[in-house]
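Visitor: Provided herewith: upload36.cif, mmCIF, N, CA and C atoms.
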```cif
data_data
#
loop_
_atom_site.label_atom_id
_atom_site.label_comp_id
_atom_site.auth_asym_id
_atom_site.auth_seq_id
_atom_site.Cartn_x
_atom_site.Cartn_y
_atom_site.Cartn_z
N MET A 1 0.63 36.75 -4.82
CA MET A 1 1.95 37.32 -4.99
C MET A 1 2.30 37.35 -6.47
N GLN A 2 2.85 38.46 -6.92
CA GLN A 2 3.23 38.57 -8.32
C GLN A 2 4.66 38.09 -8.51
N GLN A 3 4.91 37.45 -9.63
CA GLN A 3 6.23 36.93 -9.97
C GLN A 3 6.62 37.56 -11.29
N PHE A 4 7.77 38.21 -11.34
CA PHE A 4 8.22 38.86 -12.56
C PHE A 4 9.43 38.13 -13.12
N ILE A 5 9.53 38.16 -14.43
CA ILE A 5 10.61 37.50 -15.13
C ILE A 5 11.62 38.56 -15.54
N GLY A 6 12.87 38.35 -15.19
CA GLY A 6 13.93 39.29 -15.57
C GLY A 6 14.77 38.74 -16.70
N SER A 7 15.68 39.55 -17.19
CA SER A 7 16.53 39.12 -18.30
C SER A 7 17.51 38.04 -17.90
N ASN A 8 17.65 37.77 -16.60
CA ASN A 8 18.53 36.71 -16.13
C ASN A 8 17.88 35.33 -16.21
N VAL A 9 16.65 35.26 -16.67
CA VAL A 9 15.96 33.97 -16.82
C VAL A 9 16.36 33.35 -18.16
N VAL A 10 16.78 32.11 -18.11
CA VAL A 10 17.22 31.39 -19.32
C VAL A 10 16.03 30.76 -20.03
N TYR A 11 15.19 30.07 -19.27
CA TYR A 11 13.97 29.50 -19.85
C TYR A 11 12.91 29.35 -18.77
N ILE A 12 11.67 29.21 -19.24
CA ILE A 12 10.52 28.96 -18.38
C ILE A 12 9.82 27.76 -18.99
N ARG A 13 9.53 26.76 -18.18
CA ARG A 13 8.82 25.61 -18.75
C ARG A 13 7.92 24.93 -17.74
N ARG A 14 6.87 24.35 -18.28
CA ARG A 14 5.98 23.48 -17.52
C ARG A 14 5.85 22.20 -18.33
N SER A 15 6.05 21.08 -17.66
CA SER A 15 5.95 19.79 -18.35
C SER A 15 5.54 18.74 -17.34
N ASN A 16 5.39 17.52 -17.80
CA ASN A 16 5.07 16.42 -16.89
C ASN A 16 6.20 16.20 -15.90
N SER A 17 7.44 16.46 -16.33
CA SER A 17 8.58 16.26 -15.43
C SER A 17 8.65 17.30 -14.32
N THR A 18 7.94 18.42 -14.47
CA THR A 18 7.91 19.43 -13.42
C THR A 18 6.65 19.31 -12.57
N SER A 19 5.92 18.22 -12.74
CA SER A 19 4.71 17.92 -11.95
C SER A 19 3.68 19.04 -11.99
N GLY A 20 3.52 19.66 -13.14
CA GLY A 20 2.52 20.71 -13.29
C GLY A 20 2.96 22.07 -12.80
N MET A 21 4.09 22.13 -12.14
CA MET A 21 4.64 23.41 -11.69
C MET A 21 5.42 24.02 -12.86
N THR A 22 5.67 25.31 -12.76
CA THR A 22 6.47 25.98 -13.79
C THR A 22 7.88 26.15 -13.26
N GLU A 23 8.83 25.67 -14.04
CA GLU A 23 10.24 25.77 -13.67
C GLU A 23 10.84 27.02 -14.31
N ILE A 24 11.48 27.83 -13.49
CA ILE A 24 12.18 29.01 -13.98
C ILE A 24 13.67 28.74 -13.79
N ALA A 25 14.43 28.76 -14.88
CA ALA A 25 15.87 28.54 -14.80
C ALA A 25 16.59 29.87 -14.97
N TYR A 26 17.49 30.15 -14.04
CA TYR A 26 18.22 31.42 -14.04
C TYR A 26 19.62 31.24 -14.61
N TYR A 27 20.20 32.33 -15.06
CA TYR A 27 21.52 32.31 -15.68
C TYR A 27 22.59 31.77 -14.73
N ASP A 28 22.46 32.06 -13.45
CA ASP A 28 23.48 31.63 -12.48
C ASP A 28 23.38 30.14 -12.13
N GLY A 29 22.47 29.41 -12.76
CA GLY A 29 22.36 27.98 -12.55
C GLY A 29 21.25 27.56 -11.60
N LYS A 30 20.67 28.49 -10.88
CA LYS A 30 19.59 28.17 -9.95
C LYS A 30 18.29 27.94 -10.71
N THR A 31 17.42 27.14 -10.13
CA THR A 31 16.09 26.94 -10.67
C THR A 31 15.08 27.15 -9.56
N GLU A 32 13.88 27.50 -9.95
CA GLU A 32 12.79 27.74 -9.01
C GLU A 32 11.52 27.18 -9.64
N ARG A 33 10.67 26.63 -8.81
CA ARG A 33 9.37 26.15 -9.30
C ARG A 33 8.28 26.98 -8.65
N VAL A 34 7.35 27.43 -9.49
CA VAL A 34 6.25 28.26 -9.01
C VAL A 34 4.93 27.66 -9.48
N ASP A 35 3.87 28.05 -8.81
CA ASP A 35 2.54 27.52 -9.10
C ASP A 35 1.77 28.46 -10.03
N LYS A 36 2.39 28.86 -11.12
CA LYS A 36 1.75 29.68 -12.15
C LYS A 36 2.16 29.11 -13.50
N THR A 37 1.36 29.40 -14.51
CA THR A 37 1.73 28.95 -15.85
C THR A 37 2.78 29.89 -16.42
N PRO A 38 3.53 29.44 -17.41
CA PRO A 38 4.46 30.35 -18.06
C PRO A 38 3.77 31.59 -18.65
N ASP A 39 2.57 31.40 -19.19
CA ASP A 39 1.83 32.54 -19.73
C ASP A 39 1.49 33.56 -18.65
N GLN A 40 1.11 33.09 -17.47
CA GLN A 40 0.81 34.01 -16.37
C GLN A 40 2.05 34.79 -15.96
N LEU A 41 3.19 34.13 -15.91
CA LEU A 41 4.44 34.81 -15.54
C LEU A 41 4.81 35.88 -16.57
N LEU A 42 4.70 35.53 -17.84
CA LEU A 42 5.03 36.50 -18.88
C LEU A 42 4.04 37.66 -18.89
N ASN A 43 2.77 37.37 -18.66
CA ASN A 43 1.75 38.41 -18.64
C ASN A 43 2.02 39.39 -17.49
N GLU A 44 2.35 38.89 -16.31
CA GLU A 44 2.65 39.77 -15.18
C GLU A 44 3.88 40.64 -15.46
N THR A 45 4.85 40.08 -16.15
CA THR A 45 6.05 40.85 -16.51
C THR A 45 5.70 41.92 -17.53
N LEU A 46 4.89 41.58 -18.51
CA LEU A 46 4.49 42.55 -19.52
C LEU A 46 3.64 43.67 -18.92
N HIS A 47 2.88 43.38 -17.88
CA HIS A 47 2.11 44.44 -17.22
C HIS A 47 3.03 45.51 -16.64
N MET A 48 4.24 45.12 -16.26
CA MET A 48 5.21 46.08 -15.72
C MET A 48 5.68 47.08 -16.78
N VAL A 49 5.58 46.71 -18.05
CA VAL A 49 5.98 47.62 -19.14
C VAL A 49 4.75 48.10 -19.91
N ASN A 50 3.61 48.11 -19.22
CA ASN A 50 2.35 48.61 -19.78
C ASN A 50 1.91 47.87 -21.03
N SER A 51 1.97 46.56 -20.98
CA SER A 51 1.52 45.73 -22.08
C SER A 51 0.86 44.49 -21.49
N SER A 52 0.56 43.55 -22.34
CA SER A 52 0.00 42.27 -21.89
C SER A 52 0.39 41.19 -22.89
N LEU A 53 0.22 39.96 -22.49
CA LEU A 53 0.53 38.85 -23.37
C LEU A 53 -0.40 38.85 -24.59
N THR A 54 -1.66 39.19 -24.37
CA THR A 54 -2.61 39.27 -25.48
C THR A 54 -2.18 40.34 -26.48
N ALA A 55 -1.78 41.51 -25.99
CA ALA A 55 -1.34 42.59 -26.87
C ALA A 55 -0.07 42.20 -27.62
N SER A 56 0.84 41.53 -26.94
CA SER A 56 2.07 41.08 -27.58
C SER A 56 1.77 40.10 -28.72
N ARG A 57 0.88 39.15 -28.45
CA ARG A 57 0.53 38.18 -29.49
C ARG A 57 -0.21 38.83 -30.65
N GLU A 58 -1.08 39.78 -30.34
CA GLU A 58 -1.81 40.47 -31.40
C GLU A 58 -0.86 41.30 -32.27
N SER A 59 0.10 41.96 -31.66
CA SER A 59 1.05 42.76 -32.45
C SER A 59 1.89 41.86 -33.34
N MET A 60 2.27 40.68 -32.84
CA MET A 60 3.02 39.74 -33.67
C MET A 60 2.17 39.26 -34.83
N LYS A 61 0.89 39.05 -34.57
CA LYS A 61 -0.02 38.57 -35.61
C LYS A 61 -0.24 39.63 -36.69
N ILE A 62 -0.43 40.89 -36.26
CA ILE A 62 -0.73 41.96 -37.21
C ILE A 62 0.53 42.45 -37.92
N VAL A 63 1.54 42.76 -37.17
CA VAL A 63 2.74 43.40 -37.74
C VAL A 63 3.67 42.39 -38.41
N MET A 64 3.95 41.29 -37.73
CA MET A 64 4.93 40.33 -38.24
C MET A 64 4.30 39.13 -38.96
N LYS A 65 2.97 39.03 -38.91
CA LYS A 65 2.24 37.90 -39.53
C LYS A 65 2.59 36.56 -38.87
N TYR A 66 2.92 36.60 -37.57
CA TYR A 66 3.21 35.38 -36.82
C TYR A 66 1.99 35.01 -36.00
N SER A 67 1.21 34.06 -36.47
CA SER A 67 0.05 33.64 -35.69
C SER A 67 0.35 32.35 -34.91
N HIS A 68 1.32 31.57 -35.39
CA HIS A 68 1.72 30.35 -34.70
C HIS A 68 3.08 30.56 -34.05
N TYR A 69 3.18 30.20 -32.79
CA TYR A 69 4.42 30.32 -32.03
C TYR A 69 4.98 31.75 -32.04
N PRO A 70 4.16 32.75 -31.73
CA PRO A 70 4.67 34.12 -31.74
C PRO A 70 5.63 34.38 -30.58
N PRO A 71 6.74 35.04 -30.84
CA PRO A 71 7.65 35.38 -29.74
C PRO A 71 7.02 36.45 -28.86
N VAL A 72 7.45 36.50 -27.61
CA VAL A 72 6.94 37.48 -26.65
C VAL A 72 8.04 38.52 -26.44
N VAL A 73 7.82 39.71 -26.98
CA VAL A 73 8.80 40.79 -26.89
C VAL A 73 8.52 41.59 -25.63
N ILE A 74 9.47 41.60 -24.71
CA ILE A 74 9.34 42.38 -23.49
C ILE A 74 10.10 43.70 -23.66
N ASP A 75 11.34 43.64 -24.12
CA ASP A 75 12.12 44.85 -24.41
C ASP A 75 13.04 44.54 -25.58
N ALA A 76 12.63 44.97 -26.76
CA ALA A 76 13.38 44.64 -27.97
C ALA A 76 14.77 45.26 -27.97
N SER A 77 14.91 46.47 -27.43
CA SER A 77 16.21 47.14 -27.45
C SER A 77 17.24 46.40 -26.60
N GLN A 78 16.79 45.62 -25.62
CA GLN A 78 17.68 44.82 -24.78
C GLN A 78 17.72 43.35 -25.21
N ASN A 79 17.09 43.04 -26.35
CA ASN A 79 16.97 41.66 -26.84
C ASN A 79 16.33 40.76 -25.78
N PHE A 80 15.37 41.30 -25.08
CA PHE A 80 14.66 40.58 -24.02
C PHE A 80 13.38 40.03 -24.62
N VAL A 81 13.51 38.88 -25.26
CA VAL A 81 12.42 38.25 -26.01
C VAL A 81 12.41 36.76 -25.68
N PHE A 82 11.24 36.22 -25.44
CA PHE A 82 11.08 34.79 -25.22
C PHE A 82 10.39 34.18 -26.44
N PHE A 83 10.91 33.06 -26.91
CA PHE A 83 10.22 32.37 -28.00
C PHE A 83 9.72 31.02 -27.50
N PRO A 84 8.48 30.66 -27.89
CA PRO A 84 7.87 29.41 -27.40
C PRO A 84 8.29 28.21 -28.24
N LEU A 85 8.25 27.06 -27.60
CA LEU A 85 8.50 25.81 -28.31
C LEU A 85 7.20 25.02 -28.53
N HIS A 86 6.13 25.44 -27.87
CA HIS A 86 4.86 24.73 -27.97
C HIS A 86 3.73 25.71 -28.27
N LYS A 87 2.64 25.18 -28.76
CA LYS A 87 1.45 26.00 -28.98
C LYS A 87 0.94 26.49 -27.64
N ARG A 88 0.31 27.65 -27.64
CA ARG A 88 -0.13 28.22 -26.37
C ARG A 88 -1.25 27.42 -25.70
N GLN A 89 -1.95 26.56 -26.43
CA GLN A 89 -2.99 25.73 -25.84
C GLN A 89 -2.43 24.45 -25.22
N SER A 90 -1.19 24.18 -25.44
CA SER A 90 -0.57 22.95 -24.98
C SER A 90 -0.36 22.95 -23.47
N TYR A 91 -0.50 21.79 -22.85
CA TYR A 91 -0.20 21.67 -21.42
C TYR A 91 1.29 21.89 -21.20
N GLU A 92 2.10 21.24 -22.03
CA GLU A 92 3.54 21.44 -21.92
C GLU A 92 3.89 22.74 -22.61
N MET A 93 4.60 23.59 -21.90
CA MET A 93 4.99 24.89 -22.44
C MET A 93 6.46 25.13 -22.12
N CYS A 94 7.13 25.72 -23.06
CA CYS A 94 8.52 26.10 -22.82
C CYS A 94 8.81 27.38 -23.58
N TYR A 95 9.30 28.38 -22.87
CA TYR A 95 9.73 29.64 -23.47
C TYR A 95 11.22 29.79 -23.24
N ILE A 96 11.93 30.10 -24.30
CA ILE A 96 13.38 30.26 -24.25
C ILE A 96 13.71 31.75 -24.36
N ASN A 97 14.59 32.23 -23.51
CA ASN A 97 15.04 33.62 -23.59
C ASN A 97 16.05 33.72 -24.73
N ASN A 98 15.74 34.55 -25.72
CA ASN A 98 16.59 34.68 -26.89
C ASN A 98 18.00 35.15 -26.56
N GLN A 99 18.17 35.91 -25.48
CA GLN A 99 19.49 36.39 -25.08
C GLN A 99 20.44 35.25 -24.74
N HIS A 100 19.89 34.18 -24.21
CA HIS A 100 20.73 33.10 -23.67
C HIS A 100 20.77 31.86 -24.55
N PHE A 101 20.02 31.85 -25.65
CA PHE A 101 20.01 30.69 -26.56
C PHE A 101 21.32 30.65 -27.33
N LEU A 102 21.96 29.49 -27.35
CA LEU A 102 23.21 29.33 -28.10
C LEU A 102 22.99 28.48 -29.34
N GLN A 103 22.51 27.25 -29.15
CA GLN A 103 22.25 26.37 -30.29
C GLN A 103 21.40 25.19 -29.87
N ALA A 104 20.83 24.53 -30.86
CA ALA A 104 20.06 23.30 -30.64
C ALA A 104 20.65 22.22 -31.53
N ILE A 105 20.88 21.05 -30.95
CA ILE A 105 21.49 19.96 -31.70
C ILE A 105 20.62 18.72 -31.56
N ASP A 106 20.32 18.09 -32.70
CA ASP A 106 19.51 16.87 -32.72
C ASP A 106 20.34 15.66 -32.34
N PHE A 107 19.84 14.92 -31.39
CA PHE A 107 20.31 13.58 -31.07
C PHE A 107 19.05 12.74 -31.05
N GLU A 108 18.92 11.81 -30.13
CA GLU A 108 17.66 11.09 -29.99
C GLU A 108 16.55 12.09 -29.68
N ASP A 109 16.79 12.94 -28.72
CA ASP A 109 16.00 14.13 -28.47
C ASP A 109 16.90 15.31 -28.80
N THR A 110 16.37 16.50 -28.76
CA THR A 110 17.18 17.68 -29.08
C THR A 110 17.71 18.28 -27.79
N ILE A 111 18.97 18.66 -27.82
CA ILE A 111 19.59 19.33 -26.69
C ILE A 111 19.76 20.79 -27.06
N ILE A 112 19.20 21.67 -26.22
CA ILE A 112 19.36 23.11 -26.40
C ILE A 112 20.47 23.56 -25.46
N TYR A 113 21.44 24.25 -26.01
CA TYR A 113 22.55 24.78 -25.22
C TYR A 113 22.36 26.27 -25.04
N PHE A 114 22.73 26.74 -23.85
CA PHE A 114 22.60 28.15 -23.52
C PHE A 114 23.98 28.75 -23.28
N THR A 115 24.03 30.06 -23.27
CA THR A 115 25.31 30.78 -23.16
C THR A 115 26.01 30.56 -21.81
N ASN A 116 25.29 30.14 -20.79
CA ASN A 116 25.90 29.93 -19.48
C ASN A 116 26.37 28.49 -19.27
N GLY A 117 26.29 27.65 -20.30
CA GLY A 117 26.71 26.26 -20.19
C GLY A 117 25.58 25.32 -19.83
N ARG A 118 24.43 25.84 -19.45
CA ARG A 118 23.26 25.03 -19.12
C ARG A 118 22.72 24.41 -20.41
N SER A 119 22.04 23.27 -20.28
CA SER A 119 21.39 22.65 -21.44
C SER A 119 20.01 22.15 -21.02
N LEU A 120 19.18 21.93 -22.01
CA LEU A 120 17.82 21.47 -21.80
C LEU A 120 17.50 20.46 -22.88
N ILE A 121 16.94 19.32 -22.50
CA ILE A 121 16.57 18.28 -23.46
C ILE A 121 15.08 18.41 -23.75
N VAL A 122 14.74 18.51 -25.04
CA VAL A 122 13.35 18.65 -25.46
C VAL A 122 13.09 17.67 -26.61
N PRO A 123 11.83 17.27 -26.80
CA PRO A 123 11.53 16.33 -27.89
C PRO A 123 11.43 16.99 -29.27
N ASP A 124 11.43 18.32 -29.34
CA ASP A 124 11.29 19.03 -30.60
C ASP A 124 12.56 18.90 -31.45
N LYS A 125 12.41 19.07 -32.75
CA LYS A 125 13.55 19.01 -33.65
C LYS A 125 14.31 20.34 -33.66
N ALA A 126 15.60 20.27 -33.85
CA ALA A 126 16.46 21.46 -33.81
C ALA A 126 16.08 22.49 -34.87
N ASP A 127 15.70 22.04 -36.06
CA ASP A 127 15.36 23.00 -37.11
C ASP A 127 14.09 23.79 -36.76
N GLN A 128 13.14 23.15 -36.07
CA GLN A 128 11.94 23.86 -35.62
C GLN A 128 12.29 24.89 -34.56
N ILE A 129 13.15 24.52 -33.63
CA ILE A 129 13.57 25.43 -32.58
C ILE A 129 14.28 26.64 -33.19
N GLU A 130 15.12 26.39 -34.16
CA GLU A 130 15.84 27.49 -34.81
C GLU A 130 14.91 28.39 -35.61
N LYS A 131 13.83 27.84 -36.16
CA LYS A 131 12.82 28.67 -36.84
C LYS A 131 12.13 29.60 -35.85
N HIS A 132 11.80 29.07 -34.68
CA HIS A 132 11.17 29.90 -33.65
C HIS A 132 12.14 30.99 -33.18
N GLN A 133 13.40 30.63 -33.05
CA GLN A 133 14.40 31.61 -32.62
C GLN A 133 14.60 32.69 -33.68
N LEU A 134 14.55 32.31 -34.94
CA LEU A 134 14.68 33.28 -36.02
C LEU A 134 13.52 34.28 -36.01
N LYS A 135 12.31 33.80 -35.69
CA LYS A 135 11.17 34.70 -35.54
C LYS A 135 11.44 35.73 -34.44
N ALA A 136 12.03 35.28 -33.34
CA ALA A 136 12.34 36.18 -32.23
C ALA A 136 13.37 37.22 -32.66
N ILE A 137 14.36 36.82 -33.43
CA ILE A 137 15.39 37.75 -33.91
C ILE A 137 14.77 38.79 -34.84
N LYS A 138 13.92 38.34 -35.76
CA LYS A 138 13.27 39.27 -36.69
C LYS A 138 12.36 40.24 -35.95
N ALA A 139 11.61 39.75 -34.98
CA ALA A 139 10.72 40.63 -34.20
C ALA A 139 11.53 41.65 -33.41
N THR A 140 12.62 41.22 -32.81
CA THR A 140 13.49 42.13 -32.06
C THR A 140 14.03 43.22 -32.97
N ASP A 141 14.50 42.83 -34.13
CA ASP A 141 15.05 43.78 -35.10
C ASP A 141 13.98 44.79 -35.54
N TYR A 142 12.80 44.29 -35.85
CA TYR A 142 11.72 45.16 -36.32
C TYR A 142 11.33 46.18 -35.25
N PHE A 143 11.09 45.70 -34.03
CA PHE A 143 10.63 46.60 -32.97
C PHE A 143 11.72 47.57 -32.51
N THR A 144 12.98 47.17 -32.61
CA THR A 144 14.08 48.09 -32.29
C THR A 144 14.13 49.21 -33.32
N LYS A 145 14.01 48.87 -34.58
CA LYS A 145 14.01 49.89 -35.64
C LYS A 145 12.80 50.80 -35.52
N LEU A 146 11.65 50.24 -35.20
CA LEU A 146 10.44 51.00 -35.03
C LEU A 146 10.58 52.01 -33.88
N LYS A 147 11.14 51.57 -32.78
CA LYS A 147 11.33 52.44 -31.63
C LYS A 147 12.29 53.58 -31.95
N LYS A 148 13.37 53.29 -32.68
CA LYS A 148 14.33 54.33 -33.06
C LYS A 148 13.69 55.35 -33.99
N ARG A 149 12.80 54.90 -34.84
CA ARG A 149 12.18 55.78 -35.81
C ARG A 149 11.19 56.74 -35.15
N PHE A 150 10.43 56.26 -34.18
CA PHE A 150 9.35 57.07 -33.63
C PHE A 150 9.64 57.66 -32.25
N LEU A 151 10.69 57.23 -31.60
CA LEU A 151 10.97 57.79 -30.27
C LEU A 151 12.29 58.51 -30.22
#
```
Could you write out this structure as structure tokens?
Guide:
Amino acid sequence: MQQFIGSNVVYIRRSNSTSGMTEIAYYDGKTERVDKTPDQLLNETLHMVNSSLTASRESMKIVMKYSHYPPVVIDASQNFVFFPLHKRQSYEMCYINNQHFLQAIDFEDTIIYFTNGRSLIVPDKADQIEKHQLKAIKATDYFTKLKKRFL
């Protein structure tokens, strides 16, 4: 069965706390656990727009010079972009939907706040998370301008 990610998804993550399952958090507050990796979910979604996760990463590497933590652009004109918090080889993976990211604040661990009032606690530092989010904003801006120019 194929699972697609919509713009109503706030984040996708797999960690030890999710017992190897991938947790999908939705804007309305619901969560779902599926037996696929976050990369598989994003790849299936990108196939719906005639792309792939490999192609997305390659375009980020070539065009934007982002080889580490490249954002995954699904639809730049709708700001439908996920940015990763971990390396793609990592067991623990977390992708944040740029549409719903509000801020990250450092405490003992970092708390990420989303536009719907939901929060997520991660061990990463807030400044690193904001750097990843800035990459997503720049990629969105670039691909939106590119689309307007050529289409």
Visitor: Find, counting only N, CA and C atoms, the residue in A:Lys131, A:His100, A:Arg149, A:Arg13 that gets nearest to Ala25 (chain A).
Guide: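 Among A:Lys131, A:His100, A:Arg149, A:Arg13, it is A:Arg13 that comes nearest to Ala25 (chain A).
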Visitor: List the neighbours of Arg33 (chain A) out to 9 Å using only C-alpha atoms; skip same-chain residues closer than 6 positions along the sequence, and give me the result as a PDB file with N, CA and C atoms, in the coordinates of the input.
Guide:
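For reference, selection-v6.pdb as written:
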```
ATOM      1  N   THR A  18       7.940  18.420 -14.470  1.00  0.00           N
ATOM      2  CA  THR A  18       7.910  19.430 -13.420  1.00  0.00           C
ATOM      3  C   THR A  18       6.650  19.310 -12.570  1.00  0.00           C
ATOM      4  N   MET A  21       4.090  22.130 -12.140  1.00  0.00           N
ATOM      5  CA  MET A  21       4.640  23.410 -11.690  1.00  0.00           C
ATOM      6  C   MET A  21       5.420  24.020 -12.860  1.00  0.00           C
ATOM      7  N   THR A  22       5.670  25.310 -12.760  1.00  0.00           N
ATOM      8  CA  THR A  22       6.470  25.980 -13.790  1.00  0.00           C
ATOM      9  C   THR A  22       7.880  26.150 -13.260  1.00  0.00           C
ATOM     10  N   GLU A  23       8.830  25.670 -14.040  1.00  0.00           N
ATOM     11  CA  GLU A  23      10.240  25.770 -13.670  1.00  0.00           C
ATOM     12  C   GLU A  23      10.840  27.020 -14.310  1.00  0.00           C
ATOM     13  N   ILE A  24      11.480  27.830 -13.490  1.00  0.00           N
ATOM     14  CA  ILE A  24      12.180  29.010 -13.980  1.00  0.00           C
ATOM     15  C   ILE A  24      13.670  28.740 -13.790  1.00  0.00           C
ATOM     16  N   ALA A  25      14.430  28.760 -14.880  1.00  0.00           N
ATOM     17  CA  ALA A  25      15.870  28.540 -14.800  1.00  0.00           C
ATOM     18  C   ALA A  25      16.590  29.870 -14.970  1.00  0.00           C
TER      19      ALA A  25
END
```
Visitor: Neighbouring residues of region 67-78 of chain A were defined as those with any atom within 8 Å, considering all atoms listed in the file; residues of the same chain fewer than 4 positions away were excluded. Please report them as a PyMOL selection string.
Guide: chain A and resi 45-46+49+53+56-57+60-62+82-88+99+132+135-137+139-145
Visitor: What is the CA of Ala126 (chain A) to atom N of Ile96 (chain A) distance in Å?
Guide: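 One can read the CA of Ala126 (chain A) to atom N of Ile96 (chain A) distance as 13.6 Å.
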Visitor: Have a look at A:Tyr11, A:Phe114, A:Phe150, A:Tyr91 and name the one nearest to Tyr26 (chain A); count all atoms listed in the file.
Guide: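 Closest to Tyr26 (chain A), using all atoms listed in the file: A:Tyr11.
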Visitor: What does the structure give for the distance between CA of Glu130 (chain A) and CA of Gly117 (chain A), in Å to one decimal?
Guide: 18.3 Å
Visitor: Can you work out the spacing between atom C of Ser17 (chain A) and atom C of Thr115 (chain A) in Å, to one decimal?
Guide: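 Computing the Euclidean distance for atom C of Ser17 (chain A) and atom C of Thr115 (chain A) yields 23.1 Å.
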Visitor: Can you pull out every residue from chain A that DSSP, working from the backbone, puts in helix (DSSP H, G or I), and format the result as a VMD selection string?
Guide: chain A and resid 16 to 18 38 to 48 53 to 64 76 to 78 126 to 150
Visitor: Using only C-alpha atoms, find the one residue out of A:Gln103, A:Thr110, A:Ser19, A:Asn79 that sits nearest to Ser7 (chain A).
Guide: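 Residue with the minimum atom-to-atom distance to Ser7 (chain A): A:Asn79.
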Visitor: Could you please give me, as a JSON list (two decimals) with N, CA and C atoms, keeping the file's coordinate frame, the residues of protein, DNA or RNA lying at most 9 Å from (20.6, 24.2, -33.9) in the coordinate frame of the file, considering only C-alpha atoms?
Guide:
```
[["chain", "number", "residue", "atom", "x", "y", "z"],
["A", 102, "LEU", "N", 21.96, 29.49, -27.35],
["A", 102, "LEU", "CA", 23.21, 29.33, -28.10],
["A", 102, "LEU", "C", 22.99, 28.48, -29.34],
["A", 103, "GLN", "N", 22.51, 27.25, -29.15],
["A", 103, "GLN", "CA", 22.25, 26.37, -30.29],
["A", 103, "GLN", "C", 21.40, 25.19, -29.87],
["A", 104, "ALA", "N", 20.83, 24.53, -30.86],
["A", 104, "ALA", "CA", 20.06, 23.30, -30.64],
["A", 104, "ALA", "C", 20.65, 22.22, -31.53],
["A", 105, "ILE", "N", 20.88, 21.05, -30.95],
["A", 105, "ILE", "CA", 21.49, 19.96, -31.70],
["A", 105, "ILE", "C", 20.62, 18.72, -31.56],
["A", 106, "ASP", "N", 20.32, 18.09, -32.70],
["A", 106, "ASP", "CA", 19.51, 16.87, -32.72],
["A", 106, "ASP", "C", 20.34, 15.66, -32.34],
["A", 110, "THR", "N", 16.37, 16.50, -28.76],
["A", 110, "THR", "CA", 17.18, 17.68, -29.08],
["A", 110, "THR", "C", 17.71, 18.28, -27.79],
["A", 111, "ILE", "N", 18.97, 18.66, -27.82],
["A", 111, "ILE", "CA", 19.59, 19.33, -26.69],
["A", 111, "ILE", "C", 19.76, 20.79, -27.06],
["A", 112, "ILE", "N", 19.20, 21.67, -26.22],
["A", 112, "ILE", "CA", 19.36, 23.11, -26.40],
["A", 112, "ILE", "C", 20.47, 23.56, -25.46],
["A", 113, "TYR", "N", 21.44, 24.25, -26.01],
["A", 113, "TYR", "CA", 22.55, 24.78, -25.22],
["A", 113, "TYR", "C", 22.36, 26.27, -25.04],
["A", 125, "LYS", "N", 12.41, 19.07, -32.75],
["A", 125, "LYS", "CA", 13.55, 19.01, -33.65],
["A", 125, "LYS", "C", 14.31, 20.34, -33.66],
["A", 126, "ALA", "N", 15.60, 20.27, -33.85],
["A", 126, "ALA", "CA", 16.46, 21.46, -33.81],
["A", 126, "ALA", "C", 16.08, 22.49, -34.87],
["A", 127, "ASP", "N", 15.70, 22.04, -36.06],
["A", 127, "ASP", "CA", 15.36, 23.00, -37.11],
["A", 127, "ASP", "C", 14.09, 23.79, -36.76],
["A", 128, "GLN", "N", 13.14, 23.15, -36.07],
["A", 128, "GLN", "CA", 11.94, 23.86, -35.62],
["A", 128, "GLN", "C", 12.29, 24.89, -34.56],
["A", 129, "ILE", "N", 13.15, 24.52, -33.63],
["A", 129, "ILE", "CA", 13.57, 25.43, -32.58],
["A", 129, "ILE", "C", 14.28, 26.64, -33.19],
["A", 130, "GLU", "N", 15.12, 26.39, -34.16],
["A", 130, "GLU", "CA", 15.84, 27.49, -34.81],
["A", 130, "GLU", "C", 14.91, 28.39, -35.61]]
```
Visitor: So which residues are close to (3.1, 38.1, -16.0), meaning at most 8 Å away in the file's coordinates with all atoms listed in the file counted, and can you show them as JSON, numbers by chain?
Guide: {"A": [2, 3, 4, 5, 38, 39, 40, 41, 42, 43, 44, 45, 46, 47, 48, 52, 53]}
Visitor: Which parts of chain A does DSSP call strand (DSSP E) when run on the backbone here, written out as a count of residues only?
Guide: 44
Visitor: Between A:Ser59, A:Gln133, A:Asn50, A:Asn8, which residue has the minimum interatomic distance to Asn98 (chain A), considering only C-alpha atoms?
Guide: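 Result for the nearest residue to Asn98 (chain A): A:Gln133.
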